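Asker: Dropping in coords_21.csv, which is CSV, C-alpha atoms and all ligand atoms:
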```csv
chain,number,residue,atom,x,y,z
A,575,MET,CA,107.8,122.9,114.7
A,576,LYS,CA,107.5,119.9,112.4
A,577,ALA,CA,104.1,119.3,110.8
A,578,LEU,CA,102.4,117.2,108.2
A,579,VAL,CA,100.9,119.8,105.9
A,580,LEU,CA,98.3,119.3,103.2
A,581,VAL,CA,99.4,121.8,100.6
A,582,GLU,CA,96.8,121.1,98.0
A,583,ASN,CA,94.3,118.2,97.3
A,584,GLY,CA,96.3,115.0,97.2
A,585,VAL,CA,99.7,116.6,98.3
A,586,LEU,CA,101.1,116.2,101.8
A,587,GLU,CA,104.5,117.6,102.9
A,588,PHE,CA,106.3,116.8,106.1
A,589,LYS,CA,108.1,120.0,107.0
A,590,GLU,CA,109.1,122.8,109.4
A,591,ILE,CA,106.4,125.5,109.9
A,592,ALA,CA,106.1,128.4,112.3
A,593,ASP,CA,105.0,127.7,115.8
A,594,PRO,CA,101.3,128.7,116.2
A,595,LYS,CA,100.5,131.7,118.4
A,596,ARG,CA,98.1,131.7,121.4
A,597,PRO,CA,94.7,132.5,120.0
A,598,GLY,CA,93.2,133.7,123.3
A,599,ASP,CA,93.6,133.7,127.1
A,600,ASP,CA,91.6,130.5,127.5
A,601,TRP,CA,93.6,128.4,125.1
A,602,ALA,CA,96.3,126.0,126.2
A,603,ARG,CA,99.2,124.8,124.1
A,604,ILE,CA,99.2,121.0,123.7
A,605,ARG,CA,102.3,119.0,122.8
A,606,VAL,CA,100.6,116.3,120.7
A,607,ALA,CA,101.4,112.7,121.7
A,608,TYR,CA,99.3,110.6,119.3
A,609,ALA,CA,96.9,111.5,116.5
A,610,GLY,CA,94.6,109.0,114.8
A,611,ILE,CA,94.0,109.0,111.1
A,612,CYS,CA,90.2,109.2,110.5
A,613,GLN,CA,88.4,108.1,107.3
A,614,SER,CA,87.5,111.8,107.0
A,615,ASP,CA,91.2,112.8,106.8
A,616,LYS,CA,91.6,110.5,103.8
A,617,ASN,CA,88.6,112.0,102.2
A,618,ARG,CA,89.6,115.6,103.1
A,619,GLY,CA,93.2,115.2,102.0
A,620,PHE,CA,92.7,113.1,98.9
A,621,ALA,CA,89.2,113.3,97.6
A,622,SER,CA,86.5,115.9,98.5
A,623,GLY,CA,89.1,118.5,99.4
A,624,ALA,CA,89.7,120.8,102.4
A,625,TYR,CA,88.2,124.1,103.4
A,626,HIS,CA,91.5,125.8,102.7
A,627,TYR,CA,95.2,125.1,102.0
A,628,PRO,CA,97.7,124.8,103.5
A,629,LEU,CA,96.1,122.7,106.3
A,630,VAL,CA,97.4,120.6,109.1
A,631,MET,CA,94.9,117.8,109.5
A,632,GLY,CA,94.3,115.6,112.5
A,633,HIS,CA,91.4,115.8,114.9
A,634,GLU,CA,91.6,112.6,117.0
A,635,PHE,CA,94.4,113.1,119.4
A,636,SER,CA,95.9,113.2,122.8
A,637,GLY,CA,98.8,115.1,124.3
A,638,VAL,CA,100.2,116.9,127.3
A,639,VAL,CA,99.6,120.5,128.3
A,640,GLU,CA,102.8,122.3,127.5
A,641,GLU,CA,101.6,125.8,128.4
A,642,ALA,CA,98.5,126.2,130.4
A,643,ALA,CA,95.8,128.8,129.5
A,644,ILE,CA,96.1,132.2,131.2
A,645,SER,CA,92.5,131.9,132.4
A,646,GLY,CA,93.1,128.6,134.2
A,647,GLY,CA,92.2,125.0,133.4
A,648,PRO,CA,94.5,122.0,133.3
A,649,GLU,CA,98.1,122.8,134.4
A,650,ALA,CA,101.2,122.3,132.4
A,651,GLY,CA,102.1,118.6,132.4
A,652,THR,CA,98.5,117.3,132.4
A,653,PRO,CA,97.8,114.5,129.9
A,654,VAL,CA,94.7,115.3,127.9
A,655,ALA,CA,92.4,114.1,125.1
A,656,VAL,CA,90.7,116.7,123.0
A,657,PHE,CA,87.2,117.3,121.7
A,658,PRO,CA,88.1,118.9,118.3
A,659,LEU,CA,84.9,120.9,117.6
A,660,LEU,CA,84.9,124.5,118.7
A,661,PRO,CA,81.3,125.7,118.9
A,662,CYS,CA,80.3,129.3,118.2
A,663,ARG,CA,78.3,129.5,121.5
A,664,GLU,CA,75.9,131.9,119.8
A,665,CYS,CA,73.6,129.9,117.6
A,666,GLU,CA,70.3,128.2,118.5
A,667,SER,CA,72.0,124.7,118.9
A,668,CYS,CA,74.7,126.2,121.1
A,669,SER,CA,72.1,127.9,123.3
A,670,ARG,CA,70.8,124.3,124.0
A,671,MET,CA,74.4,123.1,124.6
A,672,ALA,CA,74.0,120.9,121.6
A,673,TYR,CA,77.5,121.9,120.5
A,674,ALA,CA,77.9,119.1,118.0
A,675,LYS,CA,75.0,120.6,116.1
A,676,CYS,CA,76.4,124.1,116.1
A,677,SER,CA,75.7,125.8,112.8
A,678,ASN,CA,78.8,127.9,112.8
A,679,TYR,CA,81.5,125.8,114.3
A,680,ASP,CA,85.3,125.8,114.0
A,681,TYR,CA,87.1,122.4,113.9
A,682,LEU,CA,90.7,121.4,114.7
A,683,GLY,CA,92.2,119.6,111.8
A,684,SER,CA,89.6,120.6,109.2
A,685,ARG,CA,88.6,124.3,109.4
A,686,ARG,CA,91.7,125.2,111.4
A,687,ASP,CA,95.1,123.5,111.9
A,688,GLY,CA,95.0,120.3,113.9
A,689,ALA,CA,97.2,117.6,115.4
A,690,PHE,CA,99.5,116.2,112.7
A,691,ALA,CA,102.0,118.6,114.2
A,692,GLU,CA,104.1,119.0,117.3
A,693,TYR,CA,101.9,121.6,118.9
A,694,VAL,CA,98.3,122.7,118.7
A,695,TRP,CA,96.4,125.3,120.8
A,696,VAL,CA,93.1,124.2,122.2
A,697,PRO,CA,90.5,126.0,124.3
A,698,THR,CA,90.4,124.6,127.9
A,699,THR,CA,86.7,123.7,127.5
A,700,ASN,CA,87.8,121.1,124.9
A,701,LEU,CA,90.4,119.4,127.1
A,702,TYR,CA,89.7,116.1,128.8
A,703,PRO,CA,92.3,115.2,131.4
A,704,VAL,CA,93.2,111.6,131.0
A,705,PRO,CA,92.8,109.5,134.1
A,706,ASP,CA,95.6,107.3,135.6
A,707,GLY,CA,95.6,103.9,134.0
A,708,LEU,CA,94.8,105.1,130.5
A,709,ASP,CA,97.8,105.7,128.2
A,710,LEU,CA,98.0,108.5,125.7
A,711,LYS,CA,97.9,106.1,122.7
A,712,ASN,CA,94.5,104.8,123.7
A,713,ALA,CA,93.4,108.2,124.8
A,714,ALA,CA,93.9,109.3,121.2
A,715,VAL,CA,90.9,107.2,120.2
A,716,LEU,CA,88.5,108.8,122.7
A,717,GLU,CA,86.6,110.5,119.9
A,718,LEU,CA,85.8,107.1,118.4
A,719,CYS,CA,84.6,105.8,121.8
A,720,ALA,CA,82.5,108.9,122.4
A,721,VAL,CA,80.9,108.8,118.9
A,722,GLY,CA,80.2,105.1,119.4
A,723,LEU,CA,78.7,105.7,122.8
A,724,HIS,CA,76.5,108.5,121.4
A,725,GLY,CA,75.0,106.1,118.8
A,726,ALA,CA,74.4,103.5,121.4
A,727,ASN,CA,72.8,106.1,123.7
A,728,LEU,CA,70.3,107.1,121.1
A,729,PHE,CA,68.7,103.7,121.1
A,730,GLU,CA,65.9,102.9,123.5
A,731,ILE,CA,67.2,99.9,125.3
A,732,SER,CA,65.6,98.1,128.3
A,733,GLY,CA,67.9,95.1,128.4
A,734,GLY,CA,68.0,91.7,126.7
A,735,GLU,CA,67.8,93.1,123.1
A,736,SER,CA,69.4,91.6,120.1
A,737,ALA,CA,71.6,93.8,117.9
A,738,LEU,CA,73.3,93.7,114.5
A,739,ILE,CA,76.2,96.0,113.7
A,740,ILE,CA,76.8,96.3,110.0
A,741,GLY,CA,80.5,97.2,109.6
A,742,ASP,CA,83.6,95.6,111.3
A,743,GLY,CA,85.7,98.8,111.3
A,744,PRO,CA,86.7,100.4,114.6
A,745,LEU,CA,83.5,102.3,115.0
A,746,GLY,CA,81.4,99.2,114.5
A,747,VAL,CA,83.4,97.2,117.1
A,748,MET,CA,83.1,100.2,119.4
A,749,MET,CA,79.3,100.3,119.0
A,750,ALA,CA,79.1,96.6,119.6
A,751,GLN,CA,80.9,97.0,122.9
A,752,TRP,CA,78.7,99.9,124.0
A,753,LEU,CA,75.5,98.1,123.0
A,754,ARG,CA,76.5,95.2,125.2
A,755,PHE,CA,77.5,97.6,128.0
A,756,ARG,CA,74.0,99.1,127.8
A,757,GLY,CA,72.3,95.8,128.1
A,758,ALA,CA,72.0,94.2,124.6
A,759,GLU,CA,72.2,90.4,125.1
A,760,GLN,CA,72.9,89.1,121.6
A,761,VAL,CA,75.3,91.2,119.6
A,762,ILE,CA,76.2,90.3,116.0
A,763,VAL,CA,78.8,92.1,113.9
A,764,SER,CA,78.7,91.7,110.1
A,765,GLY,CA,81.7,92.6,107.9
A,766,VAL,CA,84.0,91.6,105.2
A,767,HIS,CA,87.4,91.4,106.9
A,768,GLU,CA,88.2,88.0,108.4
A,769,GLU,CA,90.8,89.3,110.9
A,770,LYS,CA,88.5,92.1,112.2
A,771,LEU,CA,85.6,89.6,112.5
A,772,ALA,CA,88.0,87.3,114.4
A,773,LEU,CA,88.7,90.1,116.9
A,774,CYS,CA,84.9,90.5,117.3
A,775,ARG,CA,84.6,86.8,118.2
A,776,GLU,CA,87.4,87.2,120.7
A,777,LEU,CA,85.4,90.0,122.3
A,778,GLY,CA,82.5,87.7,122.6
A,779,PHE,CA,80.3,88.8,119.6
A,780,GLU,CA,78.8,86.6,116.9
A,781,THR,CA,79.9,87.4,113.4
A,782,ILE,CA,78.6,87.2,109.9
A,783,HIS,CA,81.1,87.4,106.9
A,784,SER,CA,78.8,89.1,104.5
A,785,ARG,CA,80.9,88.1,101.4
A,786,GLN,CA,81.1,84.5,102.3
A,787,GLU,CA,77.5,84.1,103.6
A,788,THR,CA,74.2,85.8,102.8
A,789,LEU,CA,73.6,88.3,105.6
A,790,SER,CA,69.8,88.1,105.6
A,791,GLU,CA,69.8,84.3,105.7
A,792,ARG,CA,72.5,83.9,108.4
A,793,LEU,CA,70.8,86.6,110.5
A,794,LEU,CA,67.5,84.6,110.4
A,795,GLU,CA,69.4,81.5,111.5
A,796,LEU,CA,71.2,83.3,114.4
A,797,THR,CA,67.9,84.9,115.7
A,798,ASP,CA,65.5,82.0,115.1
A,799,GLY,CA,63.8,83.9,112.4
A,800,ARG,CA,63.1,87.0,114.4
A,801,ARG,CA,65.8,89.3,113.0
A,802,VAL,CA,67.1,91.9,115.6
A,803,ASP,CA,65.8,94.6,117.8
A,804,LEU,CA,68.6,97.1,117.2
A,805,VAL,CA,70.5,97.7,113.9
A,806,VAL,CA,73.5,99.9,113.4
A,807,GLU,CA,74.5,100.9,109.9
A,808,GLY,CA,78.2,101.9,110.0
A,809,VAL,CA,79.3,101.5,106.4
A,810,GLY,CA,77.4,104.0,104.3
A,811,THR,CA,77.2,102.0,101.0
A,812,GLU,CA,73.8,101.5,99.4
A,813,GLU,CA,74.1,97.8,99.9
A,814,ALA,CA,74.8,98.2,103.7
A,815,ILE,CA,72.1,100.7,104.2
A,816,LEU,CA,69.5,98.5,102.5
A,817,GLN,CA,70.7,95.6,104.5
A,818,SER,CA,70.2,97.6,107.7
A,819,LEU,CA,66.6,98.4,106.7
A,820,GLU,CA,65.8,94.7,106.2
A,821,SER,CA,67.6,93.4,109.3
A,822,GLY,CA,65.3,94.7,112.0
A,823,GLY,CA,62.3,92.8,113.3
A,824,TYR,CA,58.9,94.2,114.3
A,825,ASP,CA,59.2,97.5,116.2
A,826,SER,CA,63.0,97.5,115.8
A,827,GLN,CA,65.3,100.5,115.7
A,828,VAL,CA,67.8,101.3,113.0
A,829,MET,CA,70.6,103.7,113.8
A,830,LEU,CA,72.3,105.3,110.8
A,831,VAL,CA,75.9,106.1,111.6
A,832,GLY,CA,77.9,105.6,108.4
A,833,ASN,CA,78.3,108.6,106.1
A,834,PRO,CA,76.5,107.7,102.8
A,835,ARG,CA,78.8,107.3,99.8
A,836,THR,CA,76.1,107.6,97.1
A,837,ASP,CA,72.4,108.3,96.6
A,838,ILE,CA,70.3,105.5,98.1
A,839,THR,CA,67.2,104.0,96.3
A,840,ILE,CA,64.8,102.1,98.6
A,841,PRO,CA,62.8,99.5,96.7
A,842,LYS,CA,59.0,99.9,97.1
A,843,ALA,CA,58.6,96.4,98.7
A,844,MET,CA,61.2,97.2,101.3
A,845,PHE,CA,59.7,100.6,102.0
A,846,SER,CA,56.3,99.0,102.5
A,847,SER,CA,57.8,96.5,104.9
A,848,LEU,CA,59.3,99.3,107.0
A,849,LEU,CA,55.8,100.5,107.6
A,850,ARG,CA,54.5,97.1,108.4
A,851,ARG,CA,57.4,96.4,110.8
A,852,GLU,CA,56.9,99.9,112.4
A,853,ILE,CA,60.6,100.5,112.3
A,854,VAL,CA,62.2,103.5,113.9
A,855,ILE,CA,65.0,104.9,111.8
A,856,ARG,CA,67.3,107.4,113.5
A,857,GLY,CA,70.5,109.3,112.5
A,858,SER,CA,73.4,109.6,114.9
A,859,TRP,CA,75.9,112.5,114.6
A,860,ASN,CA,79.0,113.1,116.6
A,861,SER,CA,78.5,113.1,120.4
A,862,ILE,CA,77.3,115.1,123.4
A,863,VAL,CA,79.8,117.1,125.5
A,864,ALA,CA,77.5,119.2,127.8
A,865,PRO,CA,76.0,119.5,130.3
A,866,PRO,CA,78.5,117.5,132.4
A,867,GLU,CA,76.0,114.8,133.4
A,868,LYS,CA,75.3,114.0,129.8
A,869,ASP,CA,78.9,114.3,128.6
A,870,GLU,CA,79.6,111.2,126.6
A,871,TRP,CA,83.4,112.0,126.4
A,872,ARG,CA,83.6,111.9,130.2
A,873,MET,CA,81.7,108.6,130.3
A,874,ALA,CA,83.7,107.1,127.5
A,875,LEU,CA,87.0,108.1,129.2
A,876,SER,CA,86.0,106.4,132.4
A,877,GLU,CA,84.8,103.2,130.7
A,878,MET,CA,87.9,103.0,128.5
A,879,SER,CA,90.0,102.1,131.5
A,880,ARG,CA,87.4,99.5,132.6
A,881,SER,CA,84.9,97.8,130.3
A,882,VAL,CA,85.5,99.2,126.8
A,883,ILE,CA,88.5,97.9,124.9
A,884,THR,CA,90.4,100.0,122.5
A,885,GLU,CA,93.9,98.5,122.3
A,886,PRO,CA,93.1,95.8,119.7
A,887,LEU,CA,91.3,98.3,117.5
A,888,ILE,CA,94.6,100.1,117.0
A,889,SER,CA,96.1,98.1,114.2
A,890,HIS,CA,99.1,100.2,113.3
A,891,VAL,CA,101.2,103.0,115.0
A,892,TYR,CA,103.7,104.9,112.9
A,893,PRO,CA,105.9,107.9,113.6
A,894,LEU,CA,104.5,111.2,112.1
A,895,ARG,CA,107.6,111.5,109.8
A,896,GLU,CA,106.4,108.3,108.0
A,897,ALA,CA,102.8,109.6,107.5
A,898,ILE,CA,103.1,110.4,103.8
A,899,GLY,CA,103.8,106.8,103.0
A,900,VAL,CA,101.1,105.6,105.4
A,901,PHE,CA,98.5,107.7,103.6
A,902,ASP,CA,99.7,106.3,100.3
A,903,ARG,CA,99.1,102.8,101.6
A,904,LEU,CA,95.7,103.7,103.1
A,905,ILE,CA,94.6,105.1,99.8
A,906,GLU,CA,95.9,102.2,97.8
A,907,GLY,CA,93.7,100.0,99.9
A,908,LYS,CA,95.6,96.8,99.5
A,909,GLU,CA,96.3,96.2,103.1
A,910,SER,CA,93.9,95.7,106.0
A,911,PHE,CA,94.0,98.6,108.5
A,912,SER,CA,91.8,99.1,111.5
A,913,LYS,CA,92.6,102.3,113.5
A,914,VAL,CA,95.9,103.8,112.4
A,915,ILE,CA,97.6,106.1,114.9
A,916,LEU,CA,100.5,108.5,114.2
A,917,GLN,CA,103.0,108.9,117.0
A,918,VAL,CA,103.8,112.6,117.1
A,919,ASP,CA,105.9,113.2,120.2
A,920,GLY,CA,109.0,111.1,119.5
A,921,GLY,CA,107.9,110.6,116.0
A,922,VAL,CA,109.2,113.7,114.2
T,1,ZN,ZN,87.2,111.5,112.9
T,2,ZN,ZN,76.9,127.4,117.6
```
Rewrite the structure of this file - the entire thing - as structure tokens.
Answerer:
Amino acid sequence: MKALVLVENGVLEFKEIADPKRPGDDWARIRVAYAGICQSDKNRGFASGAYHYPLVMGHEFSGVVEEAAISGGPEAGTPVAVFPLLPCRECESCSRMAYAKCSNYDYLGSRRDGAFAEYVWVPTTNLYPVPDGLDLKNAAVLELCAVGLHGANLFEISGGESALIIGDGPLGVMMAQWLRFRGAEQVIVSGVHEEKLALCRELGFETIHSRQETLSERLLELTDGRRVDLVVEGVGTEEAILQSLESGGYDSQVMLVGNPRTDITIPKAMFSSLLRREIVIRGSWNSIVAPPEKDEWRMALSEMSRSVITEPLISHVYPLREAIGVFDRLIEGKESFSKVILQVDGGV
């Protein structure tokens, strides 16, 4: 099969590799349709490095079951989205079904080969059949939707709250939609990309361009001096993290979602004001997939064909065979990209 292979740090090759073998009876072979490029793929491929080489990256994807599992599960021909984390099912977290917190997990596209290839084997427990009305391109961003939903679900929301999302990337816009869905009344997105902020305004959110205006001042104007009840930090820079800590009003909640890029130093005066405002700071990591009634992937999937919008977040779609040039441009950073999707089926 054709695959995009990371042969060493910073070196991708698009080439023919051996078809992977069935790892076990409960694995199905998926013909990959679309695979998203994640910030973490850029990092894994061109900065921090991978667990091993060669590696086929790609963990945000959709496809069609080509060969069903021997043990059952979705039949051949079923369109599916995929939860890429393979939990050990033995550790303490797994015993609580907190699979995203597994201490010994495997992962498609990072610890084992993923979806920047024509085929990938996936355990049936990780397959989410895609409902009618949702196409496979949008289904490839299910992870983004589920991770955004998880962050929104960790807030205590009773309705009518005000919210600020710091970061106008796809996850930020996703979180804004979920917070509104969960009952937040005033939702403000701050960012530095005019076209992404324009999309936010189209979706009905207020925006702050944090290079052209001072976030803290504009926030006070938009909230009549109260600041907000809910803050999402989705960027991970020291500047954004400190902004998130100063944007919440009394008794507000701050959700940390962005991976930190550096060490963070909190000035003493700001720290003291966190105490005075009695702010709740919480981290958000990945998403919940079990038990079924708490499964955020299932819920994201059903809302994606109704209230939550993904199509405008997908800024570019390229065939897999052009992926090397796409990564070059992403790393160069001169163009504005939101979610970039590689078309695998039909794109090799
Ligand atoms: Zn990702
Ligand atoms: Zn585990």
Asker: Which chains and residue numbers are within 12 Å of ligand ZN 2 (chain T), counting only C-alpha atoms and all ligand atoms, if I want them as a list in words?
Answerer: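 I would give the residues around ligand ZN 2 (chain T) as Leu659, Leu660, Pro661, Cys662, Arg663, Glu664, Cys665, Glu666, Ser667, Cys668, Ser669, Arg670, Met671, Ala672, Tyr673, Ala674, Lys675, Cys676, Ser677, Asn678, Tyr679, Asp680 and Tyr681 of chain A.
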Asker: For ligand ZN 1 (chain T), collect every residue having any atom at a distance of at most 10 Å from a ligand atom (counting all atoms listed in the file); output as a PyMOL selection string.
Answerer: chain A and resi 610-615+632-635+658+683+715+717-718+721+860
Asker: I'd like the contact shell of A:Arg895 - 8 Å cut-off, all atoms listed in the file, skipping same-chain residues fewer than 5 positions apart - returned as a ChimeraX atom specification.
Answerer: /A:578,588,921-922
Asker: How close does each residue of stretch 760-811 of chain A get to stretch 830-843 of chain A, giving the shortest atom pair and distance in Å to one decimal for every residue with an atom at most 8 Å away, counting only C-alpha atoms, sorted by chain and residue number, as JSON lines?
Answerer:
```
{"residue": "A:Val806", "atom": "CA", "partner": "A:Leu830", "partner_atom": "CA", "distance": 6.1}
{"residue": "A:Glu807", "atom": "CA", "partner": "A:Leu830", "partner_atom": "CA", "distance": 5.0}
{"residue": "A:Gly808", "atom": "CA", "partner": "A:Gly832", "partner_atom": "CA", "distance": 4.0}
{"residue": "A:Val809", "atom": "CA", "partner": "A:Gly832", "partner_atom": "CA", "distance": 4.8}
{"residue": "A:Gly810", "atom": "CA", "partner": "A:Pro834", "partner_atom": "CA", "distance": 4.1}
{"residue": "A:Thr811", "atom": "CA", "partner": "A:Arg835", "partner_atom": "CA", "distance": 5.7}
```
Asker: Between A:Pro628, A:Pro703, A:Pro653, A:Gly741, which one has atoms that come closest to A:Ala607, using only C-alpha atoms?
Answerer: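 Nearest to A:Ala607: A:Pro653.
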Asker: Would you mind telling me which residue in A:Val766, A:Met873, A:Ile731, A:Ala864 lies nearest to A:Gln786 when using all atoms listed in the file?
Answerer: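 Checking each of A:Val766, A:Met873, A:Ile731, A:Ala864 against A:Gln786, counting all atoms listed in the file, the winner is A:Val766.
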Asker: Using all atoms listed in the file, which of A:Val694, A:Val761, A:Val630, A:Ile862 sits nearest A:Leu777?
Answerer: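 Answer, going by the shortest atom-to-atom distance: A:Val761.
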Asker: Could you state the separation of atom CA of A:Cys774 and atom CA of A:Glu795 in Å, given to one decimal place?
Answerer: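 Between these atoms lies a distance of 18.8 Å.
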Asker: Rounded to one decimal in Å, what is the spacing between atom CA of A:Trp601 and atom CA of A:Leu916?
Answerer: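 Interatomic distance, atom CA of A:Trp601 to atom CA of A:Leu916: 23.7 Å.
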Asker: Neighbours of stretch 850-854 of chain A within 8 Å (all atoms listed in the file; same-chain residues fewer than 4 positions away dropped), as an mmCIF file with C-alpha atoms, keeping the file's coordinate frame?
Answerer:
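around-v7.cif was written with the following content:
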```cif
data_model
loop_
_atom_site.group_PDB
_atom_site.id
_atom_site.type_symbol
_atom_site.label_atom_id
_atom_site.label_comp_id
_atom_site.auth_asym_id
_atom_site.auth_seq_id
_atom_site.Cartn_x
_atom_site.Cartn_y
_atom_site.Cartn_z
ATOM 1 C CA GLY A 822 65.300 94.700 112.000
ATOM 2 C CA GLY A 823 62.300 92.800 113.300
ATOM 3 C CA TYR A 824 58.900 94.200 114.300
ATOM 4 C CA ASP A 825 59.200 97.500 116.200
ATOM 5 C CA SER A 826 63.000 97.500 115.800
ATOM 6 C CA GLN A 827 65.300 100.500 115.700
ATOM 7 C CA VAL A 828 67.800 101.300 113.000
ATOM 8 C CA SER A 846 56.300 99.000 102.500
#
```
Asker: Can you pull out every residue within 7 Å of A:Gly757, counting all atoms listed in the file, but drop anything in the same chain fewer than 3 positions away, and send it as a PyMOL selection string?
Answerer: chain A and resi 733-734+753-754
